[in-house]
Every structure is written in C-alpha cells, then in structure tokens.
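Peer 1: Pasting work22.tsv below, which is TSV, C-alpha atoms.
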```tsv
chain	number	residue	atom	x	y	z
N	1	MET	CA	200.05	-0.51	224.43
N	2	LYS	CA	202.69	1.06	226.68
N	3	LYS	CA	205.25	-1.35	225.25
N	4	LEU	CA	204.36	-0.32	221.69
N	5	LEU	CA	204.71	3.36	222.60
N	6	LEU	CA	208.09	2.71	224.20
N	7	VAL	CA	209.32	0.89	221.08
N	8	ALA	CA	208.11	3.74	218.87
N	9	PHE	CA	209.84	6.31	221.09
N	10	VAL	CA	213.14	4.41	221.01
N	11	SER	CA	212.84	4.10	217.22
N	12	LEU	CA	212.42	7.86	216.87
N	13	LEU	CA	215.49	8.46	219.01
N	14	THR	CA	217.44	6.01	216.86
N	15	VAL	CA	216.38	7.69	213.60
N	16	GLY	CA	217.20	11.12	215.04
N	17	SER	CA	220.68	10.00	216.05
N	18	TYR	CA	221.36	8.64	212.57
N	19	ALA	CA	220.21	11.94	211.02
N	20	GLN	CA	223.01	13.72	212.91
N	21	ILE	CA	225.79	11.62	211.41
N	22	ASN	CA	227.88	13.54	208.89
N	23	THR	CA	229.76	11.32	206.43
N	24	PRO	CA	232.30	12.30	203.77
N	25	ALA	CA	231.11	12.62	200.17
N	26	PRO	CA	232.25	9.80	197.87
N	27	SER	CA	233.19	12.49	195.33
N	28	PRO	CA	234.41	15.46	197.38
N	29	PHE	CA	233.89	19.03	196.17
N	30	SER	CA	236.89	21.07	195.08
N	31	LYS	CA	237.27	24.77	194.30
N	32	MET	CA	240.31	26.34	192.65
N	33	GLU	CA	241.09	29.99	192.03
N	34	GLN	CA	243.79	31.00	189.60
N	35	VAL	CA	244.91	34.38	188.28
N	36	VAL	CA	245.83	34.17	184.59
N	37	GLY	CA	247.36	37.45	183.45
N	38	LEU	CA	244.86	39.95	184.86
N	39	THR	CA	241.89	37.56	184.82
N	40	ASP	CA	240.49	35.71	187.85
N	41	VAL	CA	239.49	32.17	186.92
N	42	THR	CA	237.51	30.00	189.36
N	43	LEU	CA	236.92	26.28	188.88
N	44	GLU	CA	234.36	24.27	190.88
N	45	TYR	CA	233.97	20.51	190.50
N	46	SER	CA	233.61	17.18	192.32
N	47	ARG	CA	236.29	14.46	192.37
N	48	PRO	CA	235.23	10.82	191.96
N	49	ALA	CA	237.84	8.08	192.48
N	50	MET	CA	238.78	5.08	190.33
N	51	ARG	CA	238.31	2.51	193.12
N	52	GLY	CA	239.75	-0.22	190.93
N	53	ARG	CA	237.38	0.50	188.06
N	54	THR	CA	238.20	0.98	184.39
N	55	ILE	CA	237.18	4.57	183.68
N	56	PHE	CA	237.29	5.66	180.06
N	57	GLY	CA	235.47	3.42	177.64
N	58	ASN	CA	233.67	1.77	180.57
N	59	LEU	CA	232.49	3.84	183.56
N	60	VAL	CA	232.70	6.90	181.30
N	61	PRO	CA	231.60	5.62	177.87
N	62	TYR	CA	233.21	6.84	174.69
N	63	GLY	CA	231.11	9.00	172.41
N	64	LYS	CA	228.64	10.23	175.07
N	65	ILE	CA	228.31	13.58	176.84
N	66	TRP	CA	229.89	13.45	180.29
N	67	ARG	CA	229.37	15.90	183.15
N	68	THR	CA	233.18	15.96	183.62
N	69	GLY	CA	233.32	14.95	187.25
N	70	ALA	CA	230.46	14.07	189.60
N	71	ASN	CA	227.50	15.55	191.45
N	72	GLN	CA	226.76	19.15	190.39
N	73	ARG	CA	227.92	20.34	186.99
N	74	THR	CA	231.56	21.30	186.77
N	75	LYS	CA	231.71	25.05	186.24
N	76	ILE	CA	234.34	27.61	185.40
N	77	THR	CA	234.07	31.37	185.92
N	78	PHE	CA	236.09	34.09	184.18
N	79	SER	CA	236.23	37.67	185.49
N	80	THR	CA	236.96	39.03	182.01
N	81	ASP	CA	236.10	38.11	178.45
N	82	PHE	CA	238.21	35.23	177.15
N	83	THR	CA	238.77	33.01	174.12
N	84	VAL	CA	238.51	29.26	173.69
N	85	GLY	CA	238.47	27.18	170.55
N	86	GLY	CA	239.06	30.34	168.52
N	87	LYS	CA	235.84	31.89	169.79
N	88	ASP	CA	235.40	35.01	171.92
N	89	LEU	CA	233.32	34.42	175.06
N	90	LYS	CA	231.94	36.90	177.57
N	91	ALA	CA	233.00	37.03	181.20
N	92	GLY	CA	230.81	34.81	183.38
N	93	THR	CA	230.21	31.21	184.41
N	94	TYR	CA	230.04	28.17	182.15
N	95	ALA	CA	229.50	24.44	182.66
N	96	ILE	CA	232.21	22.18	181.28
N	97	PHE	CA	230.88	19.13	179.44
N	98	THR	CA	233.03	16.66	177.53
N	99	LYS	CA	232.62	13.85	175.03
N	100	PRO	CA	235.59	11.51	175.55
N	101	GLU	CA	236.96	9.32	172.77
N	102	ALA	CA	240.00	7.04	172.77
N	103	SER	CA	242.29	9.49	170.95
N	104	SER	CA	240.57	12.88	171.43
N	105	TRP	CA	237.90	14.67	173.45
N	106	THR	CA	235.35	17.28	172.52
N	107	VAL	CA	235.01	19.91	175.23
N	108	TYR	CA	231.92	22.11	175.50
N	109	PHE	CA	231.57	25.46	177.30
N	110	TYR	CA	227.85	25.53	178.15
N	111	THR	CA	225.91	28.57	179.35
N	112	ASP	CA	223.48	26.56	181.54
N	113	TYR	CA	225.71	25.70	184.50
N	114	GLN	CA	222.99	25.02	187.08
N	115	GLY	CA	221.93	21.56	188.22
N	116	GLY	CA	223.55	18.15	188.26
N	117	GLY	CA	224.64	15.81	185.53
N	118	ALA	CA	224.70	16.46	181.82
N	119	PRO	CA	221.72	16.56	179.45
N	120	SER	CA	221.47	13.59	177.11
N	121	VAL	CA	221.37	16.04	174.22
N	122	LEU	CA	223.01	19.46	174.39
N	123	ASP	CA	220.98	22.51	173.44
N	124	ASP	CA	222.96	24.12	170.59
N	125	SER	CA	221.78	27.58	171.67
N	126	LYS	CA	223.55	27.04	175.02
N	127	VAL	CA	226.83	25.78	173.58
N	128	ALA	CA	229.04	28.86	173.82
N	129	ALA	CA	232.16	27.18	172.43
N	130	THR	CA	233.44	23.77	171.38
N	131	VAL	CA	237.05	22.64	171.17
N	132	ASN	CA	238.58	19.29	170.18
N	133	VAL	CA	241.72	18.30	172.11
N	134	PRO	CA	244.02	15.26	171.79
N	135	VAL	CA	244.34	12.61	174.50
N	136	GLN	CA	247.75	12.25	176.11
N	137	GLN	CA	248.47	8.92	177.80
N	138	MET	CA	250.23	9.11	181.15
N	139	PRO	CA	252.70	6.50	182.43
N	140	MET	CA	250.76	6.12	185.69
N	141	ASN	CA	247.18	6.27	186.95
N	142	VAL	CA	245.63	9.26	188.70
N	143	ASP	CA	243.12	7.73	191.13
N	144	SER	CA	241.08	10.87	191.91
N	145	PHE	CA	239.57	12.88	189.06
N	146	THR	CA	241.66	16.05	188.87
N	147	MET	CA	241.46	19.37	187.04
N	148	THR	CA	244.37	21.79	186.86
N	149	PHE	CA	245.56	25.07	185.40
N	150	ASP	CA	248.70	24.36	183.39
N	151	GLU	CA	251.07	26.20	181.03
N	152	LEU	CA	250.34	29.50	182.77
N	153	LYS	CA	251.27	32.53	180.69
N	154	SER	CA	250.30	36.19	180.81
N	155	ASP	CA	247.86	35.74	177.93
N	156	GLY	CA	246.35	32.34	178.69
N	157	ALA	CA	246.69	28.85	180.14
N	158	HIS	CA	245.54	25.26	179.72
N	159	LEU	CA	242.63	23.75	181.61
N	160	GLY	CA	243.95	20.27	182.39
N	161	ILE	CA	241.73	17.21	182.94
N	162	LEU	CA	243.34	14.08	184.45
N	163	TRP	CA	241.91	10.71	185.44
N	164	GLU	CA	243.06	7.14	185.16
N	165	ASN	CA	246.01	7.36	182.72
N	166	THR	CA	244.42	10.06	180.54
N	167	TYR	CA	245.29	13.74	180.29
N	168	VAL	CA	243.69	16.36	178.05
N	169	ALA	CA	244.54	20.06	177.93
N	170	VAL	CA	242.06	22.75	176.89
N	171	PRO	CA	243.85	25.98	175.90
N	172	PHE	CA	242.18	29.33	176.59
N	173	GLY	CA	243.25	32.93	176.17
N	174	VAL	CA	242.70	36.10	178.22
N	175	PRO	CA	242.91	39.76	177.06
N	176	THR	CA	245.92	40.78	179.14
N	177	ASP	CA	247.75	42.59	176.36
N	178	LYS	CA	244.63	44.48	175.30
N	179	THR	CA	243.97	45.57	178.90
N	180	VAL	CA	247.55	46.64	179.63
N	181	THR	CA	247.88	48.46	176.30
N	182	ALA	CA	244.68	50.41	177.01
N	183	GLN	CA	246.01	51.35	180.47
N	184	ILE	CA	249.32	52.47	179.01
N	185	GLU	CA	247.63	54.61	176.37
N	186	LYS	CA	245.36	56.22	178.98
N	187	VAL	CA	248.21	57.04	181.34
N	188	MET	CA	250.47	58.33	178.57
N	189	ALA	CA	247.66	60.52	177.23
N	190	GLY	CA	247.52	62.29	180.58
N	191	PRO	CA	244.72	62.81	183.11
N	192	GLY	CA	241.13	62.68	181.92
N	193	ALA	CA	238.22	64.97	182.75
N	194	GLY	CA	237.22	62.74	185.67
N	195	ASP	CA	240.73	62.91	187.12
N	196	TYR	CA	240.83	66.71	186.97
N	197	TYR	CA	237.30	66.98	188.39
N	198	ALA	CA	238.00	64.61	191.30
N	199	ALA	CA	241.24	66.43	192.14
N	200	ALA	CA	239.52	69.82	192.08
N	201	VAL	CA	236.64	68.73	194.33
N	202	TYR	CA	239.03	67.04	196.78
N	203	MET	CA	241.30	70.07	197.04
N	204	ALA	CA	238.41	72.51	197.52
N	205	SER	CA	236.65	70.28	200.05
N	206	ASN	CA	239.80	69.83	202.12
N	207	ASP	CA	240.94	73.48	202.13
N	208	LYS	CA	243.89	72.89	199.82
N	209	ASP	CA	245.15	75.55	197.43
N	210	ILE	CA	241.95	76.94	195.91
N	211	ASN	CA	243.69	78.41	192.85
N	212	THR	CA	245.01	74.99	191.92
N	213	ALA	CA	241.54	73.52	192.52
N	214	LYS	CA	240.07	76.17	190.19
N	215	LYS	CA	242.68	75.38	187.52
N	216	TYR	CA	241.85	71.68	187.70
N	217	MET	CA	238.10	72.37	187.54
N	218	ASP	CA	238.54	74.67	184.53
N	219	LYS	CA	240.50	71.91	182.80
N	220	ALA	CA	237.85	69.32	183.62
N	221	MET	CA	235.00	71.49	182.34
N	222	SER	CA	236.88	72.24	179.12
N	223	MET	CA	237.02	68.48	178.45
N	224	ILE	CA	233.33	67.81	179.20
N	225	LYS	CA	230.99	68.53	176.31
N	226	GLU	CA	227.85	68.98	178.40
N	227	PRO	CA	228.59	69.25	182.15
N	228	ALA	CA	225.96	67.77	184.46
N	229	PHE	CA	224.16	69.98	186.98
N	230	TRP	CA	226.03	68.37	189.87
N	231	GLN	CA	229.37	69.11	188.18
N	232	LEU	CA	228.34	72.72	187.61
N	233	ARG	CA	227.36	72.93	191.28
N	234	GLN	CA	230.89	71.98	192.37
N	235	GLN	CA	232.36	74.41	189.87
N	236	SER	CA	230.25	77.26	191.28
N	237	LEU	CA	231.43	76.52	194.82
N	238	ILE	CA	235.08	76.50	193.77
N	239	LEU	CA	234.68	79.72	191.80
N	240	ALA	CA	233.01	81.39	194.77
N	241	LYS	CA	235.73	80.21	197.12
N	242	SER	CA	238.41	81.55	194.79
N	243	GLY	CA	236.76	85.00	194.73
N	244	ASP	CA	235.21	84.78	191.26
N	245	LYS	CA	231.62	85.60	192.29
N	246	LYS	CA	230.52	86.41	188.72
N	247	GLY	CA	231.71	83.04	187.47
N	248	ALA	CA	230.16	81.31	190.48
N	249	ILE	CA	226.76	82.88	189.77
N	250	LYS	CA	226.91	81.86	186.11
N	251	ALA	CA	227.77	78.25	187.00
N	252	ALA	CA	225.11	78.12	189.74
N	253	LYS	CA	222.42	79.37	187.36
N	254	ALA	CA	223.38	76.69	184.84
N	255	SER	CA	223.32	74.07	187.60
N	256	LEU	CA	219.93	75.33	188.78
N	257	ALA	CA	218.47	75.05	185.27
N	258	GLY	CA	219.81	71.52	184.89
N	259	ALA	CA	218.52	70.47	188.32
N	260	LYS	CA	215.05	71.80	187.50
N	261	GLU	CA	215.06	69.92	184.20
N	262	GLU	CA	216.04	66.70	185.96
N	263	GLY	CA	213.57	67.30	188.80
N	264	ASN	CA	216.27	67.22	191.49
N	265	ALA	CA	214.79	69.25	194.34
N	266	ASP	CA	217.91	69.03	196.51
N	267	TYR	CA	220.11	70.73	193.92
N	268	VAL	CA	217.39	73.26	193.12
N	269	LYS	CA	217.40	74.33	196.78
N	270	MET	CA	221.19	74.34	197.15
N	271	ASN	CA	221.69	76.46	194.05
N	272	THR	CA	218.85	78.81	195.00
N	273	ASP	CA	220.33	79.29	198.47
N	274	SER	CA	223.78	79.99	197.01
N	275	LEU	CA	222.46	82.48	194.46
N	276	LYS	CA	220.62	84.34	197.24
N	277	GLU	CA	223.80	84.35	199.33
N	278	TRP	CA	225.79	85.76	196.38
N	279	GLY	CA	223.17	88.48	195.74
N	280	ALA	CA	221.93	87.06	192.44
N	281	MET	CA	218.31	86.51	193.55
```
Can I see the file as structure tokens?
Peer 2:
Amino acid sequence: MKKLLLVAFVSLLTVGSYAQINTPAPSPFSKMEQVVGLTDVTLEYSRPAMRGRTIFGNLVPYGKIWRTGANQRTKITFSTDFTVGGKDLKAGTYAIFTKPEASSWTVYFYTDYQGGGAPSVLDDSKVAATVNVPVQQMPMNVDSFTMTFDELKSDGAHLGILWENTYVAVPFGVPTDKTVTAQIEKVMAGPGAGDYYAAAVYMASNDKDINTAKKYMDKAMSMIKEPAFWQLRQQSLILAKSGDKKGAIKAAKASLAGAKEEGNADYVKMNTDSLKEWGAM
C-alpha cells in the first residue's frame, strides 16, 4: 500500500513538472500596427510555416473558405471609417477570410471576428465587404505565412498576403483628404463658439485680462443659439468680475431657471448664492 502511494505521489510530481513547461507555438502570433494617412490600422494573426508541404491547392484547398492564417481568426482594426472593394465600412474590427483559387482570391471582411477558424458557410449578414484580387506568383517561396502593409499612400494602402510562392494584395482606402479638408475649413473659418467659451473661462479663472475674457464670452454666447445653464453660470461670473453687475444678475437668473428645469441642485444653489451676494434676492 505504501509503495502504491509513493508511486502515485511521484506521478503527481511528474505531471506537475510537465505542466510548467512552456513551449513555442507552432504558428506564432503576430501583431502589426501601421498608420495609413491619419488612420491607425492594427493587424493580428498567426503565422503557420510550410514545413516542406505544398500549401495552396493542397493544405489550403482551392475554392473553400480559409481562416487566412492559423489559430484565432485573423483580424484587422481601423480607427476611422475606410473603403474596401468599393464599399464604405465603419471604423472597427473585422475578421479576414479568404477563398483562394489558382489565379485569384476572394477576400471577405467579416463582422464576427471572435473565435477560431472559419465557418464552413459565411453568414451573408456578417459579410461587410468582398473583394476579388489577382494572384501574383513570386520567384521564391515564403516559408512563414506573412501579412504586410504595402503601397503606403496618404489615402490608402494594400493589405498583402504572402505564403509559399503566392502573393495577393487587397487595396483599401482611408478618408485622409476628407479629414484634412474639414480641418482646413474649420481653421480658416476662425474660432468656434467652444473655442471662445474655453478661452474666456480660462482667462477669468486664471486672473488674466477680464475685459478680454468678457469679449470672448460675449462672442461665444452670440454664436450659441440656446446657451446651457452651466454656460450662463460662467458668463455671470465673468460679467460680475468685469463690473457689469446688472448683466451678471440677468445671466445668473437665466442659469438658475435652466438649472431648476434640469433638476441640478448644485447649480441652483450656486446661482442662488451669487444672486444674494449681488443683492438680487
């Protein structure tokens, strides 16, 4: 009996020691981050190796959906909206599935990026975009499955897929010109209400020139159709600090009414206290 217990104890120690061994993954994980124009693009995938095998048309059959790599689904994340295959897609994460053929591949951007492997049949409602790209034969073999960002331009790039002697390039576009044009138009149009408001509050709060702060606040309020109670509160403080007590009382009363309507007890109290201090209550 003691001998049996000893054998069992040694076996447990042996199993425990094996459980602590950390071995490299046959298809190691890779993560790439690339800025394309003004868009952050992140690619996450696993990299199987050829190991002397014939890949396309054999290990990866023609005409069947492939996970495009190994292990977990290959996924790509865009920080902005983008275009692929002539279709506009929203910012976010997508799985990349492919259907290889000898002369061309079909590439799918799929909204369900969780899990491993590829479904035997794709759910059409989850196919965000499809693009057909030609196969380019390379003069040498690439042993490890590789994905790249190629042909980098300010408005797009190519997602490259390489393995064995096959290369395919998936073009995509990003809205750099639209973003920059909007920024240019905003800057050239001059400061907005938020800019004037922020400048006024900063200057008043930090004992800068109060007359300039009042000018900025007046400009901000003239650009806001219906000022919020918290904006009116800041205006009243600036008016009071500049010596315009009448204007401060008017703004504080409007802020008080708005705060009551919104049920904001803090602003009700602050405005009430100020109005008492200024002799309006």
Peer 1: Would you mind listing what lies within 6 Å of range 125-131 of chain N as a ChimeraX atom specification, with all atoms listed in the file counted and same-chain residues fewer than 2 positions away left out?
Peer 2: /N:85,106-111,123
Peer 1: Would you mind exporting C-alpha atoms of the selected residues as a short mmCIF file (atom, residue, chain, number, x, y, z; two decimals), keeping the file's coordinate frame?
Peer 2:
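part-v4.cif, written as the output of this step:
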```cif
data_model
loop_
_atom_site.label_atom_id
_atom_site.label_comp_id
_atom_site.auth_asym_id
_atom_site.auth_seq_id
_atom_site.Cartn_x
_atom_site.Cartn_y
_atom_site.Cartn_z
CA GLY N 85 238.47 27.18 170.55
CA THR N 106 235.35 17.28 172.52
CA VAL N 107 235.01 19.91 175.23
CA TYR N 108 231.92 22.11 175.50
CA PHE N 109 231.57 25.46 177.30
CA TYR N 110 227.85 25.53 178.15
CA THR N 111 225.91 28.57 179.35
CA ASP N 123 220.98 22.51 173.44
#
```
Peer 1: Could you check the closest approach to Ile96 in chain N for each of N:Phe56, N:Pro134, N:Trp278, N:Leu43 and tell me which residue wins, using all atoms listed in the file?
Peer 2: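 Distance minimum relative to Ile96 in chain N lands on N:Leu43.
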Peer 1: Near Met50 in chain N, counting all atoms listed in the file, which residues have an atom at most 8 Å away, once you skip same-chain residues fewer than 2 positions from it, shown as a list in words?
Peer 2: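 The neighbour list is Pro48, Gly52, Arg53, Thr54, Ile55, Asp143, Ser144, Phe145 and Glu164 of chain N.
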Peer 1: As JSON, numbers by chain, please: the residues near range 184-198 of chain N (cut-off 9 Å, only C-alpha atoms, same-chain neighbours under 2 positions excluded).
Peer 2: {"N": [179, 180, 181, 182, 200, 201, 202, 203, 213, 215, 216, 217, 218, 219, 220, 221, 222, 223, 224, 231]}
Peer 1: With range 22-37 of chain N as the partner and 12 Å as the cut-off, tabulate the residues of range 171-220 of chain N that qualify, each row holding the nearest pair of atoms and their distance in Å to one decimal, using all atoms listed in the file, sorted by chain and rising number, as JSON lines.
Peer 2:
```
{"residue": "N:Phe172", "atom": "CA", "partner": "N:Val36", "partner_atom": "CA", "distance": 10.0}
{"residue": "N:Gly173", "atom": "CA", "partner": "N:Val36", "partner_atom": "CA", "distance": 8.9}
{"residue": "N:Val174", "atom": "CA", "partner": "N:Gly37", "partner_atom": "CA", "distance": 7.1}
{"residue": "N:Pro175", "atom": "CA", "partner": "N:Gly37", "partner_atom": "CA", "distance": 8.1}
{"residue": "N:Thr176", "atom": "CA", "partner": "N:Gly37", "partner_atom": "CA", "distance": 5.6}
{"residue": "N:Asp177", "atom": "CA", "partner": "N:Gly37", "partner_atom": "CA", "distance": 8.8}
{"residue": "N:Lys178", "atom": "CA", "partner": "N:Gly37", "partner_atom": "CA", "distance": 11.1}
{"residue": "N:Thr179", "atom": "CA", "partner": "N:Gly37", "partner_atom": "CA", "distance": 9.9}
{"residue": "N:Val180", "atom": "CA", "partner": "N:Gly37", "partner_atom": "CA", "distance": 10.0}
```
Peer 1: Return the single residue from N:Phe229, N:Lys90, N:Lys246, N:Gly279 that is closest to Gly258 in chain N, with distances computed using only C-alpha atoms.
Peer 2: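 Closest candidate: N:Phe229.
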Peer 1: I'd like to know which of N:Ala259, N:Val168, N:Val121, N:Leu152 is closest to Gln137 in chain N, using all atoms listed in the file.
Peer 2: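 Under the stated criterion, the closest residue is N:Val168.
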Peer 1: In Å, how far is it from CA of Ala228 in chain N to CA of Thr272 in chain N?
Peer 2: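 Answer for the CA of Ala228 in chain N to CA of Thr272 in chain N separation: 16.8 Å.
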Peer 1: How many Å lie between CA of Ser274 in chain N and CA of Gln234 in chain N, rounded to one decimal?
Peer 2: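 CA of Gln234 in chain N lies 11.7 Å from CA of Ser274 in chain N.
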Peer 1: For a test of reading the model, state the distance in Å between CA of Asp40 in chain N and CA of Trp163 in chain N, rounded to one decimal.
Peer 2: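 According to the coordinates, CA of Asp40 in chain N and CA of Trp163 in chain N are separated by 25.2 Å.
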Peer 1: So for range 31-35 of chain N, what box centre and size do we get, axis-aligned, 3 Å extra on each of the six sides, every listed atom, Å to one decimal, as JSON?
Peer 2:
```
{"center_x": 241.1, "center_y": 29.6, "center_z": 191.3, "size_x": 13.6, "size_y": 15.6, "size_z": 12.0}
```
